[in-house]
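Below: the structure, in structure tokens.
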Amino acid sequence: MISPRTRPWRRTVGLAGALVLSTSILAACGGSSDEGDRVAGEAPDSVVMDLRNDPDTFDPFLTAADQGAVQMYEAIYDTPVRRDMKTGEYVPAMATEWEVTTTKIDMTFKEGLTCADGTKLTATDIANSMKRLADPKTGSIYTGRLFGAGGVKEIVADDAANTVSIEVNDPHSDLLDSMSTAFVICPKGLQDTEKLATEPQGSGPYKITSLKRGDTYELEAWGSPALEDPESVPDKITFRVITNDATRANLFETGETDIAGILGRDSERLEGSHEFIQGKAFEADSLTFNQRPEAPMSDERLRRVVAQAIDAAAYTKAASFGVGEPANTVVTPNMDCYTESNGELGLKYDPDQAKADLEAAGYGPGGKKLTVRLLGYDVQNSGPDYVADALRKIGIDVKVTNGTQAQAGAIVYGDEGDWDVIVFPYLSAAPHPYPLVTKMSSNLGEGGSYNFGRTRNDDFDKFSAVATSSLGEERCENWGKAEAALLEQTNLVPLLWPIANYYADGLTFNATYRTVDLRTIRGTE
């Protein structure tokens with residue numbers, strides 16, 4: 001179906017990206033379009049894309065950030081800057097230029113910005129959105145990640161100059177990257193934040209024209225002045241909530257879907273006859289421990305036992321059916337400050353040694369009984385079963401709790417500590433290690449969304465603090481030391497680098513694990 005909006009001209013944009021496996025496409029039209037909609041180098045008129053889960057909220061500050069929500073925000077909200085997936089550089093979005101240090105960022109915004117409903121968007125409006133994100137009372141788990149441990153000192157807007165300045169209390173070397181995920185909520189959303197959960201008030205290139213929660217969302221580009229080229233995005237996008245991998249694969253094969261992200265074994269049956277683009281996560285899924293003083297995993301000897309009992313390759317096969325890759329560092333190769341040598345620091349798979357160390361710690365035959373509460377969730381497929389079986393084989397009693405990812409998150413982020421071990425999805429929108437601080441450092445407090453496992457690692461706290469106040473080589477050197485401290489003390493055990501295979505015959509684009517960059521969708525020859 002061709003959109004009625006005419007396209008008098010279009011500028012061709014570069015397509016290939018470092019994070020993208022882009023190849024020649026076999027033939028094809030997608031579910032939303034006929035052959036006239038696929039023009040090489042141009043955005044298609046319409047696209048049907050399947051979400052892996054329903055957006056939990058339209059409030060981007062209070063989301064659990066599952067794939068469906070993050071992809072939706074990519075469409076309906078904009079940010080001051082964007083990170084180019086091809087080059088890794090930061091490029092203008094709503095802001096045209098900026099100056100940044102470790103404690104302050106000054107941004108100049110484009111003239112004539114508006115919200116999707118036509119409301120004028122001023123510098124003060126943008127500042128007010130940032131203030132809500134920065135306010136601890138908002139309860140956002142992203143406040144610390146975006147603005148650092150010390151929080152925001154001051155946010156100042158100048159409508160005449162069209163500028164916003166954000167100053168933080170403590171050095172935070174990733175302030176510029178923070179602006180690439182600081183979604184701008186329009187004034188109507190800030191006036192009624194409770195209503196915002198179900199009614200978006202967006203600043204992005206798309207507005208929702210119809211929706212059926214848990215099912216289908218119809219979006220239409222409205223010519224946002226924040227876009228350098230309004231013709232650079234598809235006119236219409238249909239998001240459908242399809243939670244099952246097999247169903248997404250089936251809909252793609254029958255031509256009802258243009259873009260389908262497949263995580264597990266259903267990718268195998270598509271690979272031979274269809275091209276795909278890989279979206280790789282930032283940070284590896286890693287065994288993580290409840291280290292509260294009363295919990296068994298507060299004992300480093302037992303963490304080392306568990307680490308040696310689990311094989312990363314076997315877990316990867318069980319959890320992703322081979323789509324993902326085994327990992328030995330939590331900072332993945334596509335991130336800033338990746339330190340390859342840290343992969344040699346963690347304990348190697350050795351179940352015999354794990355069993356011997358368990359007995360040496362006073363457990364097993366003739367000793368105390370060790371019971372471990374393992375927390376798993378649905379999209380890990382058979383991963384939790386593999387971990388449970390591996391621990392039982394060395395003499396540990398395992399109680400497994402399985403549920404949805406949201407249910408698992410509620411347990412680990414709760415105060416009760418009713419778990420011992422989880423393979424935690426550290427994946428982040430940020431291509432740098434700072435999000436680890438918001439989950440593993442005592443610098444940010446001992447409860448709530450910070451340090452959910454009550455990790456105590458003085459070296460990690462020390463080196464990460466230096467890294468956040470440094471730039472260039474010094475920054476990465478200290479991030480490498482901070483990650484090394486976690487691996488050496490077995491505070492976490494990297495297992496799986498999550499990868500999504502996006503099938504999209506006739507189209508190419510840039511993607512990460514959770515997000516297709518809608519501004520890069522183009523037809524192919």
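Each chain in the structure tokens gets a letter, A, B, ..., in the order shown, and its residues are numbered from 1; ligands are numbered from 1 in order too.
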message: Residues near Pro494 (chain A), anyone? I mean within 10 Å using only C-alpha atoms, not counting same-chain ones fewer than 4 positions away, as a list in words.
response: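 Near Pro494 (chain A), the qualifying residues are Glu283, Ala284, Asp285, Ser286, Leu287, Thr288, Ala307, Ala312, Pro326, Ala327, Asn328, Thr329, Val330, Val331, Thr332, Gly343, Gly346, Val423, Phe424, Tyr426, Leu487 and Thr490 of chain A.
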task: With a distance cut-off of 9 Å and only C-alpha atoms, select the neighbouring residues of region 427-430 of chain A, excluding the residue or stretch itself and same-chain residues fewer than 4 positions from it, and output the selection as JSON, numbers by chain.
output: {"A": [65, 70, 177, 178, 180, 181, 281, 282, 283, 284, 285, 335, 434, 435, 497, 498, 512, 513, 514]}
field: Using only C-alpha atoms: which of A:Leu270, A:Leu436, A:Leu227, A:Ala75 has the shortest distance to Gly148 (chain A)
entry: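 Residue with the minimum atom-to-atom distance to Gly148 (chain A): A:Leu436.
When CA of Val152 (chain A) is paired with CA of Met107 (chain A), their separation reads 15.7 Å.
Shortest separation to Arg301 (chain A) among A:Glu271, A:Glu344, A:Glu483, A:Asp357 occurs at residue A:Asp357, atoms counted being only C-alpha atoms.
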field: Those of region 192-407 of chain A in DSSP strand (DSSP E or B), formatted as a ChimeraX atom specification
entry: /A:206-212,216-221,236-241,259-262,276-280,282,285-289,325-326,363,368,371-377,397-403
